[in-house]
file work29.cif (mmCIF, C-alpha atoms)
data_model
#
loop_
_atom_site.group_PDB
_atom_site.id
_atom_site.type_symbol
_atom_site.label_atom_id
_atom_site.label_comp_id
_atom_site.auth_asym_id
_atom_site.auth_seq_id
_atom_site.Cartn_x
_atom_site.Cartn_y
_atom_site.Cartn_z
ATOM 1 C CA MET A 12 55.467 37.139 115.423
ATOM 2 C CA ASN A 13 58.816 36.924 117.243
ATOM 3 C CA TYR A 14 59.115 36.681 121.028
ATOM 4 C CA MET A 15 62.136 36.966 123.328
ATOM 5 C CA VAL A 16 62.588 35.178 126.652
ATOM 6 C CA PHE A 17 65.284 36.274 129.097
ATOM 7 C CA SER A 18 66.699 34.490 132.110
ATOM 8 C CA GLY A 19 64.225 34.663 134.994
ATOM 9 C CA GLN A 20 61.205 34.735 132.671
ATOM 10 C CA SER A 21 58.959 31.813 131.703
ATOM 11 C CA ILE A 22 59.262 30.065 128.345
ATOM 12 C CA GLN A 23 55.876 28.417 128.877
ATOM 13 C CA GLU A 24 54.141 31.779 129.204
ATOM 14 C CA LYS A 25 55.404 32.766 125.762
ATOM 15 C CA ILE A 26 54.334 29.383 124.338
ATOM 16 C CA ASP A 27 50.848 29.888 125.747
ATOM 17 C CA THR A 28 50.469 33.302 124.103
ATOM 18 C CA SER A 29 52.068 32.337 120.783
ATOM 19 C CA HIS A 30 50.345 31.233 117.578
ATOM 20 C CA ASP A 31 51.227 28.811 114.801
ATOM 21 C CA GLY A 32 54.192 30.107 112.805
ATOM 22 C CA ASP A 33 55.632 32.242 115.629
ATOM 23 C CA THR A 34 59.279 32.111 116.750
ATOM 24 C CA ILE A 35 60.438 32.241 120.371
ATOM 25 C CA THR A 36 64.100 33.080 121.015
ATOM 26 C CA VAL A 37 65.373 32.044 124.446
ATOM 27 C CA ASN A 38 68.436 33.658 125.970
ATOM 28 C CA SER A 39 71.094 31.827 127.963
ATOM 29 C CA GLY A 40 70.133 30.727 131.464
ATOM 30 C CA THR A 41 68.518 27.827 133.287
ATOM 31 C CA TYR A 42 64.737 27.542 133.078
ATOM 32 C CA HIS A 43 63.210 25.308 135.733
ATOM 33 C CA GLU A 44 59.907 24.446 134.110
ATOM 34 C CA GLU A 45 58.068 21.695 132.260
ATOM 35 C CA LEU A 46 57.303 22.844 128.730
ATOM 36 C CA VAL A 47 54.131 21.634 127.003
ATOM 37 C CA ILE A 48 54.164 22.418 123.286
ATOM 38 C CA ASN A 49 50.988 21.901 121.266
ATOM 39 C CA LYS A 50 51.519 24.564 118.594
ATOM 40 C CA ASN A 51 53.440 24.724 115.321
ATOM 41 C CA ILE A 52 56.111 27.125 116.551
ATOM 42 C CA THR A 53 59.902 27.463 116.501
ATOM 43 C CA LEU A 54 61.995 27.787 119.668
ATOM 44 C CA ILE A 55 65.631 28.852 119.265
ATOM 45 C CA GLY A 56 68.208 28.995 122.003
ATOM 46 C CA GLU A 57 70.358 32.086 121.602
ATOM 47 C CA SER A 58 73.961 31.316 122.471
ATOM 48 C CA LYS A 59 77.475 32.119 121.339
ATOM 49 C CA ASP A 60 78.520 28.466 121.594
ATOM 50 C CA LYS A 61 77.308 25.111 122.919
ATOM 51 C CA ALA A 62 78.538 25.928 126.424
ATOM 52 C CA SER A 63 76.094 28.828 126.737
ATOM 53 C CA MET A 64 72.946 27.235 125.310
ATOM 54 C CA PRO A 65 69.831 27.793 127.470
ATOM 55 C CA VAL A 66 69.011 24.904 129.810
ATOM 56 C CA ILE A 67 65.537 23.451 130.338
ATOM 57 C CA SER A 68 65.400 21.455 133.561
ATOM 58 C CA SER A 69 62.319 20.110 135.323
ATOM 59 C CA PRO A 70 63.450 18.359 138.514
ATOM 60 C CA ASP A 71 59.832 17.460 139.354
ATOM 61 C CA GLY A 72 58.586 16.452 135.900
ATOM 62 C CA ILE A 73 59.307 16.089 132.189
ATOM 63 C CA GLY A 74 61.459 18.679 130.449
ATOM 64 C CA VAL A 75 59.659 19.045 127.100
ATOM 65 C CA ILE A 76 56.319 17.464 126.164
ATOM 66 C CA VAL A 77 55.240 17.741 122.522
ATOM 67 C CA CYS A 78 51.743 16.699 121.448
ATOM 68 C CA ASP A 79 49.511 17.293 118.405
ATOM 69 C CA SER A 80 51.871 19.812 116.790
ATOM 70 C CA THR A 81 54.945 20.232 114.577
ATOM 71 C CA PRO A 82 57.391 22.444 116.506
ATOM 72 C CA VAL A 83 61.119 22.970 115.934
ATOM 73 C CA LEU A 84 63.548 23.312 118.864
ATOM 74 C CA LYS A 85 67.149 24.335 118.187
ATOM 75 C CA ASN A 86 70.166 24.954 120.440
ATOM 76 C CA PHE A 87 68.888 23.803 123.832
ATOM 77 C CA VAL A 88 70.188 21.736 126.711
ATOM 78 C CA ILE A 89 67.396 19.586 128.183
ATOM 79 C CA SER A 90 68.612 17.871 131.321
ATOM 80 C CA ASN A 91 68.201 16.613 134.891
ATOM 81 C CA CYS A 92 64.465 15.945 134.723
ATOM 82 C CA SER A 93 62.874 13.619 137.243
ATOM 83 C CA SER A 94 61.512 11.146 134.675
ATOM 84 C CA VAL A 95 61.951 11.893 130.937
ATOM 85 C CA ASN A 96 63.777 14.803 129.338
ATOM 86 C CA VAL A 97 61.819 14.801 126.054
ATOM 87 C CA GLN A 98 58.432 13.167 125.381
ATOM 88 C CA VAL A 99 56.774 13.233 121.940
ATOM 89 C CA THR A 100 53.301 11.763 121.592
ATOM 90 C CA GLY A 101 50.295 11.673 119.237
ATOM 91 C CA LYS A 102 49.766 10.738 115.602
ATOM 92 C CA ASN A 103 49.498 14.394 114.508
ATOM 93 C CA THR A 104 52.856 15.260 116.023
ATOM 94 C CA HIS A 105 56.184 15.719 114.272
ATOM 95 C CA ALA A 106 58.737 17.459 116.443
ATOM 96 C CA VAL A 107 62.192 18.465 115.220
ATOM 97 C CA PHE A 108 65.145 18.870 117.594
ATOM 98 C CA GLU A 109 68.349 20.345 116.171
ATOM 99 C CA CYS A 110 71.715 20.799 117.882
ATOM 100 C CA CYS A 111 70.366 19.886 121.325
ATOM 101 C CA LYS A 112 72.046 18.216 124.301
ATOM 102 C CA ILE A 113 69.695 15.829 126.128
ATOM 103 C CA HIS A 114 71.175 14.270 129.237
ATOM 104 C CA SER A 115 70.944 13.137 132.867
ATOM 105 C CA SER A 116 67.267 12.231 133.276
ATOM 106 C CA LYS A 117 66.303 9.658 135.896
ATOM 107 C CA ILE A 118 64.555 7.244 133.523
ATOM 108 C CA THR A 119 64.768 8.015 129.785
ATOM 109 C CA GLY A 120 66.343 10.737 127.688
ATOM 110 C CA VAL A 121 63.881 10.669 124.786
ATOM 111 C CA ALA A 122 60.511 8.869 124.645
ATOM 112 C CA VAL A 123 58.514 8.847 121.392
ATOM 113 C CA LEU A 124 55.102 7.292 122.075
ATOM 114 C CA GLU A 125 51.574 6.663 120.811
ATOM 115 C CA LYS A 126 52.222 7.088 117.053
ATOM 116 C CA GLY A 127 54.195 10.282 117.577
ATOM 117 C CA ASN A 128 56.939 11.279 115.158
ATOM 118 C CA ALA A 129 60.183 13.090 115.870
ATOM 119 C CA SER A 130 63.435 14.008 114.136
ATOM 120 C CA PHE A 131 66.752 14.625 115.880
ATOM 121 C CA VAL A 132 69.581 16.280 113.968
ATOM 122 C CA ASP A 133 73.106 16.747 115.359
ATOM 123 C CA CYS A 134 71.950 16.020 118.913
ATOM 124 C CA ASP A 135 73.980 14.651 121.831
ATOM 125 C CA ILE A 136 71.977 12.221 124.004
ATOM 126 C CA HIS A 137 73.760 10.737 127.014
ATOM 127 C CA ASP A 138 73.871 9.765 130.698
ATOM 128 C CA ASN A 139 70.142 9.114 131.011
ATOM 129 C CA GLY A 140 68.497 6.416 133.138
ATOM 130 C CA ARG A 141 69.974 6.432 136.613
ATOM 131 C CA THR A 142 68.345 3.653 138.605
ATOM 132 C CA GLU A 143 65.157 2.245 137.090
ATOM 133 C CA ASP A 144 64.879 -1.119 135.342
ATOM 134 C CA PHE A 145 64.303 -1.274 131.561
ATOM 135 C CA ASP A 146 61.582 -3.932 131.584
ATOM 136 C CA GLU A 147 59.673 -2.481 134.519
ATOM 137 C CA HIS A 148 59.413 0.958 132.932
ATOM 138 C CA ASN A 149 58.744 -0.192 129.374
ATOM 139 C CA GLY A 150 62.000 1.254 128.145
ATOM 140 C CA CYS A 151 64.510 2.729 130.552
ATOM 141 C CA ALA A 152 67.167 3.705 128.021
ATOM 142 C CA GLU A 153 68.710 6.701 126.336
ATOM 143 C CA VAL A 154 65.954 6.599 123.686
ATOM 144 C CA VAL A 155 62.622 4.732 123.641
ATOM 145 C CA ILE A 156 60.394 4.411 120.542
ATOM 146 C CA ILE A 157 57.184 2.474 121.213
ATOM 147 C CA GLU A 158 53.443 2.187 120.538
ATOM 148 C CA GLY A 159 53.596 2.706 116.776
ATOM 149 C CA ALA A 160 55.757 5.829 117.029
ATOM 150 C CA SER A 161 58.627 6.643 114.678
ATOM 151 C CA ALA A 162 61.783 8.686 115.020
ATOM 152 C CA GLN A 163 64.647 9.719 112.760
ATOM 153 C CA PHE A 164 68.187 10.420 113.984
ATOM 154 C CA LYS A 165 70.777 12.092 111.767
ATOM 155 C CA ASN A 166 74.381 12.740 112.815
ATOM 156 C CA CYS A 167 73.573 12.168 116.489
ATOM 157 C CA ARG A 168 75.692 10.832 119.347
ATOM 158 C CA VAL A 169 74.001 8.445 121.795
ATOM 159 C CA HIS A 170 76.292 7.287 124.564
ATOM 160 C CA ASP A 171 77.223 6.672 128.195
ATOM 161 C CA THR A 172 73.853 5.334 129.243
ATOM 162 C CA ARG A 173 73.247 4.720 132.942
ATOM 163 C CA SER A 174 70.626 2.064 132.211
ATOM 164 C CA ASP A 175 70.822 -1.167 130.220
ATOM 165 C CA TYR A 176 70.260 0.033 126.663
ATOM 166 C CA LEU A 177 71.209 2.827 124.348
ATOM 167 C CA PHE A 178 67.919 2.336 122.445
ATOM 168 C CA GLY A 179 64.696 0.455 123.180
ATOM 169 C CA ILE A 180 62.343 0.043 120.196
ATOM 170 C CA SER A 181 59.174 -1.992 120.703
ATOM 171 C CA THR A 182 55.435 -2.411 119.973
ATOM 172 C CA SER A 183 55.601 -1.461 116.275
ATOM 173 C CA GLY A 184 57.985 1.435 116.836
ATOM 174 C CA LYS A 185 60.251 2.499 113.974
ATOM 175 C CA GLY A 186 63.714 4.000 114.212
ATOM 176 C CA PHE A 187 65.786 5.390 111.327
ATOM 177 C CA PHE A 188 69.450 6.202 111.984
ATOM 178 C CA SER A 189 71.873 7.942 109.611
ATOM 179 C CA GLY A 190 75.450 8.933 110.371
ATOM 180 C CA CYS A 191 75.041 8.254 114.094
ATOM 181 C CA ASN A 192 77.581 7.165 116.695
ATOM 182 C CA PHE A 193 76.526 4.827 119.549
ATOM 183 C CA TYR A 194 78.958 4.004 122.348
ATOM 184 C CA ASN A 195 79.597 3.281 126.013
ATOM 185 C CA GLY A 196 76.592 1.210 127.062
ATOM 186 C CA GLU A 197 75.916 -2.080 128.800
ATOM 187 C CA GLU A 198 73.890 -3.213 125.791
ATOM 188 C CA GLY A 199 73.200 -1.578 122.437
ATOM 189 C CA PHE A 200 69.636 -2.008 121.191
ATOM 190 C CA SER A 201 66.515 -3.819 122.304
ATOM 191 C CA ILE A 202 64.272 -4.309 119.240
ATOM 192 C CA SER A 203 61.102 -6.344 119.807
ATOM 193 C CA ASN A 204 57.373 -6.761 119.198
ATOM 194 C CA ASN A 205 57.205 -5.865 115.482
ATOM 195 C CA ALA A 206 59.636 -2.963 115.805
ATOM 196 C CA ILE A 207 61.858 -1.885 112.901
ATOM 197 C CA ALA A 208 65.297 -0.278 112.997
ATOM 198 C CA THR A 209 67.118 0.961 109.877
ATOM 199 C CA PHE A 210 70.776 2.051 109.913
ATOM 200 C CA GLU A 211 72.864 3.936 107.363
ATOM 201 C CA ASN A 212 76.536 4.842 107.893
ATOM 202 C CA CYS A 213 76.340 4.382 111.665
ATOM 203 C CA ARG A 214 78.968 3.158 114.132
ATOM 204 C CA MET A 215 78.532 1.292 117.435
ATOM 205 C CA HIS A 216 81.453 0.598 119.764
ATOM 206 C CA ASP A 217 82.400 0.064 123.395
ATOM 207 C CA VAL A 218 79.176 -1.796 124.192
ATOM 208 C CA ARG A 219 80.110 -4.173 126.983
ATOM 209 C CA VAL A 220 77.775 -7.067 126.176
ATOM 210 C CA HIS A 221 79.444 -7.316 122.746
ATOM 211 C CA GLY A 222 82.938 -7.284 124.161
ATOM 212 C CA ASN A 223 83.510 -3.615 123.278
ATOM 213 C CA ALA A 224 83.888 -4.528 119.605
ATOM 214 C CA GLU A 225 83.234 -1.999 116.844
ATOM 215 C CA TYR A 226 80.301 -2.426 114.457
ATOM 216 C CA LEU A 227 79.565 -0.487 111.297
ATOM 217 C CA LEU A 228 75.817 -0.364 110.720
#

call {"tool": "encode", "arguments": {"input": "work29.cif", "output": "structure tokens"}}
result
Amino acid sequence: MNYMVFSGQSIQEKIDTSHDGDTITVNSGTYHEELVINKNITLIGESKDKASMPVISSPDGIGVIVCDSTPVLKNFVISNCSSVNVQVTGKNTHAVFECCKIHSSKITGVAVLEKGNASFVDCDIHDNGRTEDFDEHNGCAEVVIIEGASAQFKNCRVHDTRSDYLFGISTSGKGFFSGCNFYNGEEGFSISNNAIATFENCRMHDVRVHGNAEYLL
């Protein structure tokens, strides 16, 4: 079944009434709510261009929480959340984000946790992590992959972080990066505690700790 959401309505209400296989189309506008997705559904932002994509913003919580499901989200801006913009968790989870802009959270842009799995395709992730410390929060960075989780990034831009790292991968987390561009950060990657990072045709530049040199990964 197909659902439509218009500005002033609730996306979460449509998620709650949807079933596996359904599609929810969201019109342009700003939606101030925390979305919890635990169904195998597709959410598509209807817009004429990237400037008019619908915005999900949760100033008092997380923007999008995905658990125990395999949803697809396409053409959304997820921004200005009080902690994390996107959180993916659970071993039965594989979320796909396509053509999304994820920016300006207080702590972390994307957190993939607890054996969760996520794919990001042609996404722009930037300006996350305003004040908190990386070590204290177990990964204040643009992207965090921890606790046995894995994430794939294809043709993404990760840049202009407000915290220490562009990526933090730890505690058996796995990150796979293809055709990505990383730039404008204090430091590039923190990879520790049995974590694995694999790069293919990626570029990192203007990372201050490395003297703003360019690296092909």

call {"tool": "resolve_selection", "arguments": {"input": "work29.cif", "expression": "the PyMOL selection byres ((chain A and resi 29) around 10)", "output": "list in words"}}
result
Met12, Asn13, Tyr14, Gln23, Glu24, Lys25, Ile26, Asp27, Thr28, His30, Asp31, Gly32, Asp33, Thr34, Ile35, Lys50, Asn51 and Ile52 of chain A

call {"tool": "residues_around", "arguments": {"input": "work29.cif", "residues": "Val37 of chain A", "least_positions_apart": "4", "cutoff": "8 Å", "atoms": "all atoms listed in the file", "output": "PyMOL selection string"}}
result
chain A and resi 15-17+22+54-57+65

call {"tool": "write_last_selection", "arguments": {"input": "work29.cif", "atoms": "C-alpha atoms", "output": "PDB file, in the frame of the given file"}}
result
ATOM      1  CA  MET A  15      62.136  36.966 123.328  1.00  0.00           C
ATOM      2  CA  VAL A  16      62.588  35.178 126.652  1.00  0.00           C
ATOM      3  CA  PHE A  17      65.284  36.274 129.097  1.00  0.00           C
ATOM      4  CA  ILE A  22      59.262  30.065 128.345  1.00  0.00           C
ATOM      5  CA  LEU A  54      61.995  27.787 119.668  1.00  0.00           C
ATOM      6  CA  ILE A  55      65.631  28.852 119.265  1.00  0.00           C
ATOM      7  CA  GLY A  56      68.208  28.995 122.003  1.00  0.00           C
ATOM      8  CA  GLU A  57      70.358  32.086 121.602  1.00  0.00           C
ATOM      9  CA  PRO A  65      69.831  27.793 127.470  1.00  0.00           C
TER      10      PRO A  65
END

call {"tool": "closest_residue", "arguments": {"input": "work29.cif", "among": "A:Ser181, A:Ser68, A:Arg168, A:Leu84", "to": "Leu124 of chain A", "atoms": "all atoms listed in the file"}}
result
A:Ser181

call {"tool": "closest_residue", "arguments": {"input": "work29.cif", "among": "A:Ile156, A:Val47, A:Ala106, A:Cys191", "to": "Ser130 of chain A", "atoms": "all atoms listed in the file"}}
result
A:Ala106

call {"tool": "residues_around", "arguments": {"input": "work29.cif", "residues": "segment 172-175 of chain A", "least_positions_apart": "6", "cutoff": "6 Å", "atoms": "only C-alpha atoms", "output": "PDB file with C-alpha atoms, keeping the file's coordinate frame"}}
result
ATOM      1  CA  HIS A 137      73.760  10.737 127.014  1.00  0.00           C
ATOM      2  CA  ASP A 138      73.871   9.765 130.698  1.00  0.00           C
ATOM      3  CA  ASN A 139      70.142   9.114 131.011  1.00  0.00           C
ATOM      4  CA  GLY A 140      68.497   6.416 133.138  1.00  0.00           C
ATOM      5  CA  ARG A 141      69.974   6.432 136.613  1.00  0.00           C
ATOM      6  CA  ALA A 152      67.167   3.705 128.021  1.00  0.00           C
ATOM      7  CA  GLY A 196      76.592   1.210 127.062  1.00  0.00           C
ATOM      8  CA  GLU A 197      75.916  -2.080 128.800  1.00  0.00           C
ATOM      9  CA  GLU A 198      73.890  -3.213 125.791  1.00  0.00           C
TER      10      GLU A 198
END

call {"tool": "atom_distance", "arguments": {"input": "work29.cif", "atom1": "atom CA of Gly40 of chain A", "atom2": "atom CA of Ser90 of chain A"}}
result
12.9 Å

call {"tool": "resolve_selection", "arguments": {"input": "work29.cif", "expression": "the PyMOL selection byres ((chain A and resi 123) around 10)", "output": "list of chain:residue names"}}
result
A:Val77, A:Val97, A:Gln98, A:Val99, A:Thr100, A:Gly101, A:Ala106, A:Val121, A:Ala122, A:Leu124, A:Glu125, A:Lys126, A:Gly127, A:Asn128, A:Ala129, A:Val154, A:Val155, A:Ile156, A:Ile157, A:Glu158, A:Gly159, A:Ala160, A:Ser161, A:Ala162, A:Ile180, A:Gly184, A:Lys185

call {"tool": "write_last_selection", "arguments": {"input": "work29.cif", "atoms": "C-alpha atoms", "output": "mmCIF file, keeping the file's coordinate frame"}}
result
data_model
loop_
_atom_site.group_PDB
_atom_site.id
_atom_site.type_symbol
_atom_site.label_atom_id
_atom_site.label_comp_id
_atom_site.auth_asym_id
_atom_site.auth_seq_id
_atom_site.Cartn_x
_atom_site.Cartn_y
_atom_site.Cartn_z
ATOM 1 C CA VAL A 77 55.240 17.741 122.522
ATOM 2 C CA VAL A 97 61.819 14.801 126.054
ATOM 3 C CA GLN A 98 58.432 13.167 125.381
ATOM 4 C CA VAL A 99 56.774 13.233 121.940
ATOM 5 C CA THR A 100 53.301 11.763 121.592
ATOM 6 C CA GLY A 101 50.295 11.673 119.237
ATOM 7 C CA ALA A 106 58.737 17.459 116.443
ATOM 8 C CA VAL A 121 63.881 10.669 124.786
ATOM 9 C CA ALA A 122 60.511 8.869 124.645
ATOM 10 C CA LEU A 124 55.102 7.292 122.075
ATOM 11 C CA GLU A 125 51.574 6.663 120.811
ATOM 12 C CA LYS A 126 52.222 7.088 117.053
ATOM 13 C CA GLY A 127 54.195 10.282 117.577
ATOM 14 C CA ASN A 128 56.939 11.279 115.158
ATOM 15 C CA ALA A 129 60.183 13.090 115.870
ATOM 16 C CA VAL A 154 65.954 6.599 123.686
ATOM 17 C CA VAL A 155 62.622 4.732 123.641
ATOM 18 C CA ILE A 156 60.394 4.411 120.542
ATOM 19 C CA ILE A 157 57.184 2.474 121.213
ATOM 20 C CA GLU A 158 53.443 2.187 120.538
ATOM 21 C CA GLY A 159 53.596 2.706 116.776
ATOM 22 C CA ALA A 160 55.757 5.829 117.029
ATOM 23 C CA SER A 161 58.627 6.643 114.678
ATOM 24 C CA ALA A 162 61.783 8.686 115.020
ATOM 25 C CA ILE A 180 62.343 0.043 120.196
ATOM 26 C CA GLY A 184 57.985 1.435 116.836
ATOM 27 C CA LYS A 185 60.251 2.499 113.974
#

call {"tool": "closest_residue", "arguments": {"input": "work29.cif", "among": "A:Val169, A:Ile48, A:Ile207, A:Val95", "to": "Asp71 of chain A", "atoms": "only C-alpha atoms"}}
result
A:Val95

call {"tool": "axis_aligned_box", "arguments": {"input": "work29.cif", "around": "segment 158-176 of chain A", "padding_each_side": "8 Å", "output": "lines of an AutoDock Vina configuration file"}}
result
center_x = 65.3
center_y = 5.8
center_z = 122.4
size_x = 39.8
size_y = 29.9
size_z = 37.2

call {"tool": "atom_distance", "arguments": {"input": "work29.cif", "atom1": "atom CA of Gly19 of chain A", "atom2": "atom CA of Asn86 of chain A"}}
result
18.5 Å

call {"tool": "closest_residue", "arguments": {"input": "work29.cif", "among": "A:Lys102, A:Lys112, A:Pro82, A:Gly199", "to": "Lys61 of chain A", "atoms": "only C-alpha atoms"}}
result
A:Lys112

call {"tool": "resolve_selection", "arguments": {"input": "work29.cif", "expression": "the PyMOL selection byres ((chain A and resi 131) around 9)", "output": "ChimeraX atom specification"}}
result
/A:106-111,129-130,132-134,162-167

call {"tool": "closest_residue", "arguments": {"input": "work29.cif", "among": "A:Asn49, A:Gln20, A:Ser39, A:Asn212", "to": "Cys78 of chain A", "atoms": "only C-alpha atoms"}}
result
A:Asn49

call {"tool": "atom_distance", "arguments": {"input": "work29.cif", "atom1": "atom CA of Glu211 of chain A", "atom2": "atom CA of Thr81 of chain A"}}
result
25.3 Å

call {"tool": "closest_residue", "arguments": {"input": "work29.cif", "among": "A:Phe87, A:Ser115, A:His105, A:Ile73", "to": "Thr36 of chain A", "atoms": "all atoms listed in the file"}}
result
A:Phe87
